[in-house]
file structure-v6.pdb (PDB, C-alpha atoms and all ligand atoms)
MODEL        1
ATOM      1  CA  MET S   1       0.000   0.000   0.000  1.00  0.00           C
ATOM      2  CA  GLU S   2       1.344   3.437  -0.930  1.00  0.00           C
ATOM      3  CA  HIS S   3       2.562   5.355   2.179  1.00  0.00           C
ATOM      4  CA  GLY S   4       1.465   2.336   4.307  1.00  0.00           C
ATOM      5  CA  LEU S   5      -1.887   3.941   5.178  1.00  0.00           C
ATOM      6  CA  ALA S   6      -4.706   1.633   6.300  1.00  0.00           C
ATOM      7  CA  ILE S   7      -7.977   2.054   4.416  1.00  0.00           C
ATOM      8  CA  GLU S   8     -10.784   2.930   6.847  1.00  0.00           C
ATOM      9  CA  PRO S   9     -13.858   0.712   6.466  1.00  0.00           C
ATOM     10  CA  PRO S  10     -17.040   2.700   5.805  1.00  0.00           C
ATOM     11  CA  GLU S  11     -19.059   3.392   8.962  1.00  0.00           C
ATOM     12  CA  ALA S  12     -22.178   1.261   8.682  1.00  0.00           C
ATOM     13  CA  PHE S  13     -24.054   3.139  11.402  1.00  0.00           C
ATOM     14  CA  GLY S  14     -25.491   6.585  12.011  1.00  0.00           C
ATOM     15  CA  ALA S  15     -25.374   8.979  14.969  1.00  0.00           C
ATOM     16  CA  GLU S  16     -28.654   7.599  16.350  1.00  0.00           C
ATOM     17  CA  ASP S  17     -27.295   3.996  16.239  1.00  0.00           C
ATOM     18  CA  PHE S  18     -24.172   5.224  18.041  1.00  0.00           C
ATOM     19  CA  ARG S  19     -26.197   7.012  20.759  1.00  0.00           C
ATOM     20  CA  ARG S  20     -28.641   4.136  21.262  1.00  0.00           C
ATOM     21  CA  THR S  21     -25.978   1.413  21.466  1.00  0.00           C
ATOM     22  CA  LEU S  22     -23.665   3.399  23.762  1.00  0.00           C
ATOM     23  CA  GLY S  23     -26.714   4.069  25.980  1.00  0.00           C
ATOM     24  CA  HIS S  24     -26.558   0.374  26.953  1.00  0.00           C
ATOM     25  CA  PHE S  25     -23.597   1.254  29.163  1.00  0.00           C
ATOM     26  CA  ALA S  26     -25.138   2.014  32.576  1.00  0.00           C
ATOM     27  CA  SER S  27     -23.375   4.647  34.648  1.00  0.00           C
ATOM     28  CA  GLY S  28     -23.706   6.968  37.594  1.00  0.00           C
ATOM     29  CA  VAL S  29     -24.376  10.676  37.091  1.00  0.00           C
ATOM     30  CA  THR S  30     -22.122  13.547  38.184  1.00  0.00           C
ATOM     31  CA  ILE S  31     -22.245  17.326  38.251  1.00  0.00           C
ATOM     32  CA  VAL S  32     -18.835  18.868  37.550  1.00  0.00           C
ATOM     33  CA  THR S  33     -18.544  22.192  39.408  1.00  0.00           C
ATOM     34  CA  ALA S  34     -15.988  24.995  39.523  1.00  0.00           C
ATOM     35  CA  ALA S  35     -15.704  28.493  41.003  1.00  0.00           C
ATOM     36  CA  SER S  36     -13.972  31.702  40.062  1.00  0.00           C
ATOM     37  CA  GLY S  37     -14.317  34.568  42.561  1.00  0.00           C
ATOM     38  CA  ALA S  38     -18.019  34.859  43.369  1.00  0.00           C
ATOM     39  CA  GLU S  39     -19.057  33.007  40.191  1.00  0.00           C
ATOM     40  CA  ARG S  40     -19.949  29.317  40.132  1.00  0.00           C
ATOM     41  CA  PHE S  41     -20.242  26.936  37.208  1.00  0.00           C
ATOM     42  CA  GLY S  42     -21.539  23.402  36.772  1.00  0.00           C
ATOM     43  CA  MET S  43     -22.657  20.843  34.227  1.00  0.00           C
ATOM     44  CA  THR S  44     -24.200  17.389  34.447  1.00  0.00           C
ATOM     45  CA  CYS S  45     -21.824  14.724  33.151  1.00  0.00           C
ATOM     46  CA  GLN S  46     -22.237  10.994  32.691  1.00  0.00           C
ATOM     47  CA  SER S  47     -18.810  10.679  31.067  1.00  0.00           C
ATOM     48  CA  PHE S  48     -16.775  10.351  34.252  1.00  0.00           C
ATOM     49  CA  PHE S  49     -14.269   7.619  35.045  1.00  0.00           C
ATOM     50  CA  SER S  50     -11.407   6.732  37.325  1.00  0.00           C
ATOM     51  CA  LEU S  51      -8.146   6.784  35.362  1.00  0.00           C
ATOM     52  CA  SER S  52      -5.079   6.187  37.578  1.00  0.00           C
ATOM     53  CA  LEU S  53      -4.367   5.349  41.219  1.00  0.00           C
ATOM     54  CA  ASP S  54      -0.703   6.497  41.279  1.00  0.00           C
ATOM     55  CA  PRO S  55      -0.852   9.374  40.600  1.00  0.00           C
ATOM     56  CA  PRO S  56      -4.567   9.697  41.459  1.00  0.00           C
ATOM     57  CA  LEU S  57      -6.289  10.803  38.238  1.00  0.00           C
ATOM     58  CA  VAL S  58      -9.897  10.921  37.033  1.00  0.00           C
ATOM     59  CA  ALA S  59     -11.410  12.077  33.737  1.00  0.00           C
ATOM     60  CA  PHE S  60     -14.599  13.433  32.176  1.00  0.00           C
ATOM     61  CA  SER S  61     -15.522  14.655  28.709  1.00  0.00           C
ATOM     62  CA  PRO S  62     -17.437  17.900  28.130  1.00  0.00           C
ATOM     63  CA  ALA S  63     -18.885  18.626  24.690  1.00  0.00           C
ATOM     64  CA  LYS S  64     -17.130  21.382  22.775  1.00  0.00           C
ATOM     65  CA  SER S  65     -20.540  23.112  22.683  1.00  0.00           C
ATOM     66  CA  SER S  66     -20.689  23.312  26.507  1.00  0.00           C
ATOM     67  CA  ARG S  67     -21.009  26.887  27.786  1.00  0.00           C
ATOM     68  CA  SER S  68     -19.838  25.941  31.289  1.00  0.00           C
ATOM     69  CA  TYR S  69     -16.669  24.040  30.391  1.00  0.00           C
ATOM     70  CA  PRO S  70     -14.593  27.066  29.242  1.00  0.00           C
ATOM     71  CA  ALA S  71     -15.176  28.617  32.688  1.00  0.00           C
ATOM     72  CA  ILE S  72     -14.243  25.320  34.394  1.00  0.00           C
ATOM     73  CA  ARG S  73     -11.027  25.237  32.323  1.00  0.00           C
ATOM     74  CA  GLU S  74     -10.300  28.855  33.262  1.00  0.00           C
ATOM     75  CA  ALA S  75     -10.841  28.073  36.975  1.00  0.00           C
ATOM     76  CA  GLY S  76      -8.131  25.388  36.708  1.00  0.00           C
ATOM     77  CA  SER S  77      -9.820  23.105  39.228  1.00  0.00           C
ATOM     78  CA  PHE S  78     -13.141  21.303  39.513  1.00  0.00           C
ATOM     79  CA  CYS S  79     -15.145  19.031  41.774  1.00  0.00           C
ATOM     80  CA  ILE S  80     -16.841  15.864  40.534  1.00  0.00           C
ATOM     81  CA  ASN S  81     -20.106  15.556  42.499  1.00  0.00           C
ATOM     82  CA  VAL S  82     -21.438  11.979  42.226  1.00  0.00           C
ATOM     83  CA  LEU S  83     -25.211  12.246  42.562  1.00  0.00           C
ATOM     84  CA  SER S  84     -27.381  10.289  44.965  1.00  0.00           C
ATOM     85  CA  ALA S  85     -30.751   8.732  44.082  1.00  0.00           C
ATOM     86  CA  ALA S  86     -32.656  11.788  45.413  1.00  0.00           C
ATOM     87  CA  GLN S  87     -30.829  14.225  43.087  1.00  0.00           C
ATOM     88  CA  GLN S  88     -32.502  13.602  39.715  1.00  0.00           C
ATOM     89  CA  ASP S  89     -33.977  17.152  39.635  1.00  0.00           C
ATOM     90  CA  LEU S  90     -30.549  18.630  40.384  1.00  0.00           C
ATOM     91  CA  SER S  91     -29.115  16.602  37.503  1.00  0.00           C
ATOM     92  CA  LEU S  92     -31.720  18.049  35.094  1.00  0.00           C
ATOM     93  CA  GLY S  93     -31.144  21.590  36.418  1.00  0.00           C
ATOM     94  CA  PHE S  94     -27.413  21.416  35.682  1.00  0.00           C
ATOM     95  CA  ALA S  95     -28.081  19.990  32.209  1.00  0.00           C
ATOM     96  CA  ARG S  96     -29.882  23.214  31.152  1.00  0.00           C
ATOM     97  CA  SER S  97     -27.552  25.419  29.170  1.00  0.00           C
ATOM     98  CA  GLY S  98     -27.767  29.135  29.964  1.00  0.00           C
ATOM     99  CA  ALA S  99     -30.106  28.732  32.970  1.00  0.00           C
ATOM    100  CA  ASP S 100     -29.354  30.029  36.486  1.00  0.00           C
ATOM    101  CA  LYS S 101     -28.281  26.635  37.735  1.00  0.00           C
ATOM    102  CA  TRP S 102     -27.436  27.712  41.298  1.00  0.00           C
ATOM    103  CA  ALA S 103     -30.750  29.084  42.618  1.00  0.00           C
ATOM    104  CA  ASP S 104     -31.657  27.175  45.824  1.00  0.00           C
ATOM    105  CA  VAL S 105     -28.617  24.860  45.520  1.00  0.00           C
ATOM    106  CA  ALA S 106     -26.821  24.239  48.835  1.00  0.00           C
ATOM    107  CA  TRP S 107     -23.036  23.872  48.578  1.00  0.00           C
ATOM    108  CA  ARG S 108     -19.734  24.498  50.336  1.00  0.00           C
ATOM    109  CA  PRO S 109     -16.252  25.050  48.896  1.00  0.00           C
ATOM    110  CA  GLY S 110     -13.798  22.133  48.735  1.00  0.00           C
ATOM    111  CA  VAL S 111     -10.005  22.460  49.122  1.00  0.00           C
ATOM    112  CA  THR S 112      -9.634  23.785  45.559  1.00  0.00           C
ATOM    113  CA  GLY S 113     -12.536  26.218  46.097  1.00  0.00           C
ATOM    114  CA  SER S 114     -14.781  24.165  43.786  1.00  0.00           C
ATOM    115  CA  PRO S 115     -18.351  23.689  45.062  1.00  0.00           C
ATOM    116  CA  ILE S 116     -19.271  20.456  46.875  1.00  0.00           C
ATOM    117  CA  LEU S 117     -23.046  20.033  46.527  1.00  0.00           C
ATOM    118  CA  GLU S 118     -25.086  19.075  49.592  1.00  0.00           C
ATOM    119  CA  GLY S 119     -26.433  15.505  49.695  1.00  0.00           C
ATOM    120  CA  VAL S 120     -24.105  13.971  47.082  1.00  0.00           C
ATOM    121  CA  LEU S 121     -23.135  10.298  47.157  1.00  0.00           C
ATOM    122  CA  ALA S 122     -19.438  11.200  46.816  1.00  0.00           C
ATOM    123  CA  TRP S 123     -17.253  14.147  45.821  1.00  0.00           C
ATOM    124  CA  ILE S 124     -13.817  14.223  44.205  1.00  0.00           C
ATOM    125  CA  ASP S 125     -12.024  17.587  44.257  1.00  0.00           C
ATOM    126  CA  CYS S 126      -9.383  17.983  41.526  1.00  0.00           C
ATOM    127  CA  THR S 127      -6.941  20.329  39.866  1.00  0.00           C
ATOM    128  CA  LEU S 128      -6.992  20.307  36.072  1.00  0.00           C
ATOM    129  CA  GLU S 129      -4.031  18.183  34.950  1.00  0.00           C
ATOM    130  CA  ALA S 130      -4.476  17.888  31.168  1.00  0.00           C
ATOM    131  CA  GLU S 131      -6.963  18.427  28.349  1.00  0.00           C
ATOM    132  CA  HIS S 132      -7.041  16.495  25.070  1.00  0.00           C
ATOM    133  CA  ASP S 133      -8.857  17.433  21.872  1.00  0.00           C
ATOM    134  CA  THR S 134     -11.018  14.375  21.080  1.00  0.00           C
ATOM    135  CA  GLY S 135     -13.587  14.765  18.303  1.00  0.00           C
ATOM    136  CA  ASP S 136     -16.591  16.858  19.325  1.00  0.00           C
ATOM    137  CA  HIS S 137     -15.680  16.581  23.036  1.00  0.00           C
ATOM    138  CA  TRP S 138     -12.665  17.432  25.204  1.00  0.00           C
ATOM    139  CA  LEU S 139     -11.104  14.713  27.351  1.00  0.00           C
ATOM    140  CA  VAL S 140     -10.283  16.412  30.651  1.00  0.00           C
ATOM    141  CA  ILE S 141      -8.007  14.819  33.234  1.00  0.00           C
ATOM    142  CA  GLY S 142      -8.007  15.896  36.863  1.00  0.00           C
ATOM    143  CA  ARG S 143      -5.518  15.202  39.660  1.00  0.00           C
ATOM    144  CA  VAL S 144      -7.416  14.291  42.801  1.00  0.00           C
ATOM    145  CA  ARG S 145      -6.670  16.553  45.787  1.00  0.00           C
ATOM    146  CA  ALA S 146      -9.392  15.417  48.218  1.00  0.00           C
ATOM    147  CA  LEU S 147     -12.362  13.060  48.154  1.00  0.00           C
ATOM    148  CA  GLU S 148     -15.116  11.554  50.282  1.00  0.00           C
ATOM    149  CA  GLY S 149     -17.985   9.075  49.901  1.00  0.00           C
ATOM    150  CA  SER S 150     -21.244   8.547  51.806  1.00  0.00           C
ATOM    151  CA  ASP S 151     -23.863   5.833  52.371  1.00  0.00           C
ATOM    152  CA  HIS S 152     -26.497   7.334  50.020  1.00  0.00           C
ATOM    153  CA  LYS S 153     -27.869   5.270  47.127  1.00  0.00           C
ATOM    154  CA  PRO S 154     -26.667   6.204  43.583  1.00  0.00           C
ATOM    155  CA  LEU S 155     -28.573   7.921  40.763  1.00  0.00           C
ATOM    156  CA  LEU S 156     -28.101   5.774  37.638  1.00  0.00           C
ATOM    157  CA  PHE S 157     -28.424   6.553  33.919  1.00  0.00           C
ATOM    158  CA  PHE S 158     -29.254   3.799  31.420  1.00  0.00           C
ATOM    159  CA  LYS S 159     -30.664   3.811  27.874  1.00  0.00           C
ATOM    160  CA  GLY S 160     -31.382   7.557  28.015  1.00  0.00           C
ATOM    161  CA  GLY S 161     -33.300   7.479  31.322  1.00  0.00           C
ATOM    162  CA  PHE S 162     -32.740   7.659  35.079  1.00  0.00           C
ATOM    163  CA  GLN S 163     -32.813   4.460  37.136  1.00  0.00           C
ATOM    164  CA  GLN S 164     -32.460   3.477  40.775  1.00  0.00           C
ATOM    165  CA  LEU S 165     -30.826   0.431  42.296  1.00  0.00           C
ATOM    166  CA  ALA S 166     -33.479  -2.236  43.021  1.00  0.00           C
TER     167      ALA S 166
HETATM  168  C1  LIG F 201     -27.607  12.316  32.614  1.00  0.00           C
HETATM  169  C2  LIG F 201     -26.869  13.319  31.767  1.00  0.00           C
HETATM  170  C3  LIG F 201     -25.543  13.114  31.437  1.00  0.00           C
HETATM  171  C4  LIG F 201     -24.830  14.042  30.667  1.00  0.00           C
HETATM  172  N1  LIG F 201     -23.511  13.818  30.384  1.00  0.00           N
HETATM  173  C5  LIG F 201     -22.806  14.729  29.671  1.00  0.00           C
HETATM  174  C6  LIG F 201     -21.417  14.545  29.414  1.00  0.00           C
HETATM  175  O1  LIG F 201     -20.809  13.567  29.831  1.00  0.00           O
HETATM  176  N2  LIG F 201     -20.764  15.504  28.698  1.00  0.00           N
HETATM  177  C7  LIG F 201     -21.412  16.617  28.226  1.00  0.00           C
HETATM  178  O2  LIG F 201     -20.780  17.449  27.573  1.00  0.00           O
HETATM  179  N3  LIG F 201     -22.724  16.819  28.462  1.00  0.00           N
HETATM  180  C8  LIG F 201     -23.426  15.909  29.176  1.00  0.00           C
HETATM  181  N4  LIG F 201     -24.750  16.118  29.423  1.00  0.00           N
HETATM  182  C9  LIG F 201     -25.393  17.321  28.897  1.00  0.00           C
HETATM  183  C10 LIG F 201     -24.939  18.536  29.680  1.00  0.00           C
HETATM  184  O3  LIG F 201     -25.244  18.438  31.055  1.00  0.00           O
HETATM  185  C11 LIG F 201     -25.553  19.804  29.125  1.00  0.00           C
HETATM  186  O4  LIG F 201     -25.454  19.852  27.744  1.00  0.00           O
HETATM  187  C12 LIG F 201     -24.784  20.982  29.701  1.00  0.00           C
HETATM  188  O5  LIG F 201     -24.828  21.015  31.090  1.00  0.00           O
HETATM  189  C13 LIG F 201     -25.312  22.242  29.178  1.00  0.00           C
HETATM  190  O6  LIG F 201     -24.892  23.266  30.003  1.00  0.00           O
HETATM  191  P1  LIG F 201     -23.650  24.181  29.649  1.00  0.00           P
HETATM  192  O7  LIG F 201     -23.825  24.629  28.241  1.00  0.00           O
HETATM  193  O8  LIG F 201     -23.734  25.230  30.694  1.00  0.00           O
HETATM  194  O9  LIG F 201     -22.392  23.348  29.779  1.00  0.00           O
HETATM  195  C14 LIG F 201     -25.474  15.205  30.202  1.00  0.00           C
HETATM  196  C15 LIG F 201     -26.820  15.429  30.542  1.00  0.00           C
HETATM  197  C16 LIG F 201     -27.515  14.500  31.319  1.00  0.00           C
HETATM  198  C17 LIG F 201     -28.957  14.769  31.687  1.00  0.00           C
ENDMDL
END
call {"tool": "encode", "arguments": {"input": "structure-v6.pdb", "output": "structure tokens"}}
result
Amino acid sequence: MEHGLAIEPPEAFGAEDFRRTLGHFASGVTIVTAASGAERFGMTCQSFFSLSLDPPLVAFSPAKSSRSYPAIREAGSFCINVLSAAQQDLSLGFARSGADKWADVAWRPGVTGSPILEGVLAWIDCTLEAEHDTGDHWLVIGRVRALEGSDHKPLLFFKGGFQQLA
């Protein structure tokens, strides 16, 4: 083959097939928060995972269309708030672009200054370690600075809808 390039097979699926099939992967739900001065930012994110134990790293992927992520990047630190079963409404509130997401939301600052939301199942406070340009999303890696879990039940997301543990 000239230049040794592999020929890509044609993609035999559309965006809807991609979304529907990937929706079979059940996950928890997080709200990624950050603060800058008196301003606070946050977005609901399913795309969170644990990446490395030594050093302690986690990752999430915000869409390039996100209005909150540029402010989170600018803040240089963020808190991953893992939602509990009772926080479905909070999850929907932080998924609304352009809305005032913080009205009536109880929170306190973590060690990086990023908001820890009241009643979460767990929180993971991070400094922004790296950002990679990956298609229509960014892949954002955080170095964990502090973290804590609780005994609440998790909020789950599966096939495009919220679920609870039986
Ligand atoms: C359950 C759930 C999971 C979501 N996961 C992600 C995600 O991983 N990445 C992302 O960019 N948007 C995700 N969204 C959509 C964003 O929350 C939403 O587009 C965003 O918060 C819009 O606000 P913004 O423009 O202020 O960022 C998710 C929404 C819901 C309801």
call {"tool": "resolve_selection", "arguments": {"input": "structure-v6.pdb", "expression": "the PyMOL selection byres (((chain S and resi 124) around 9) and not hetatm)", "output": "count of residues only"}}
result
17
call {"tool": "residues_near_point", "arguments": {"input": "structure-v6.pdb", "point": "(-17.0, 30.7, 30.5)", "cutoff": "12 Å", "atoms": "all atoms listed in the file", "output": "list in words"}}
result
Ala34, Ala35, Ser36, Glu39, Arg40, Phe41, Gly42, Met43, Ser65, Ser66, Arg67, Ser68, Tyr69, Pro70, Ala71, Ile72, Arg73, Glu74, Ala75, Ser97 and Gly98 of chain S
call {"tool": "write_last_selection", "arguments": {"input": "structure-v6.pdb", "atoms": "C-alpha atoms", "output": "CSV table (one decimal), keeping the file's coordinate frame"}}
result
chain,number,residue,atom,x,y,z
S,34,ALA,CA,-16.0,25.0,39.5
S,35,ALA,CA,-15.7,28.5,41.0
S,36,SER,CA,-14.0,31.7,40.1
S,39,GLU,CA,-19.1,33.0,40.2
S,40,ARG,CA,-19.9,29.3,40.1
S,41,PHE,CA,-20.2,26.9,37.2
S,42,GLY,CA,-21.5,23.4,36.8
S,43,MET,CA,-22.7,20.8,34.2
S,65,SER,CA,-20.5,23.1,22.7
S,66,SER,CA,-20.7,23.3,26.5
S,67,ARG,CA,-21.0,26.9,27.8
S,68,SER,CA,-19.8,25.9,31.3
S,69,TYR,CA,-16.7,24.0,30.4
S,70,PRO,CA,-14.6,27.1,29.2
S,71,ALA,CA,-15.2,28.6,32.7
S,72,ILE,CA,-14.2,25.3,34.4
S,73,ARG,CA,-11.0,25.2,32.3
S,74,GLU,CA,-10.3,28.9,33.3
S,75,ALA,CA,-10.8,28.1,37.0
S,97,SER,CA,-27.6,25.4,29.2
S,98,GLY,CA,-27.8,29.1,30.0
call {"tool": "resolve_selection", "arguments": {"input": "structure-v6.pdb", "expression": "the PyMOL selection byres (((not hetatm)) within 8 of (chain F and resi 201))", "output": "PyMOL selection string"}}
result
chain S and resi 29-31+41-48+60-69+91-92+94-99+137+157+160-162
call {"tool": "resolve_selection", "arguments": {"input": "structure-v6.pdb", "expression": "the PyMOL selection byres (((chain S and resi 106) around 10) and not hetatm)", "output": "list in words"}}
result
Trp102, Ala103, Asp104, Val105, Trp107, Arg108, Pro115, Ile116, Leu117, Glu118 and Gly119 of chain S
call {"tool": "closest_residue", "arguments": {"input": "structure-v6.pdb", "among": "S:Leu22, S:Leu128, S:Val111, S:Ala85", "to": "Lys153 (chain S)", "atoms": "only C-alpha atoms"}}
result
S:Ala85
call {"tool": "closest_residue", "arguments": {"input": "structure-v6.pdb", "among": "S:His132, S:Arg19, S:His24, S:Lys101", "to": "Ala59 (chain S)", "atoms": "all atoms listed in the file"}}
result
S:His132
call {"tool": "closest_residue", "arguments": {"input": "structure-v6.pdb", "among": "S:Ser77, S:Thr21, S:Ser50, S:Gln88", "to": "Val120 (chain S)", "atoms": "only C-alpha atoms"}}
result
S:Gln88
call {"tool": "atom_distance", "arguments": {"input": "structure-v6.pdb", "atom1": "CA of Phe158 (chain S)", "atom2": "CA of Ala15 (chain S)"}}
result
17.7 Å
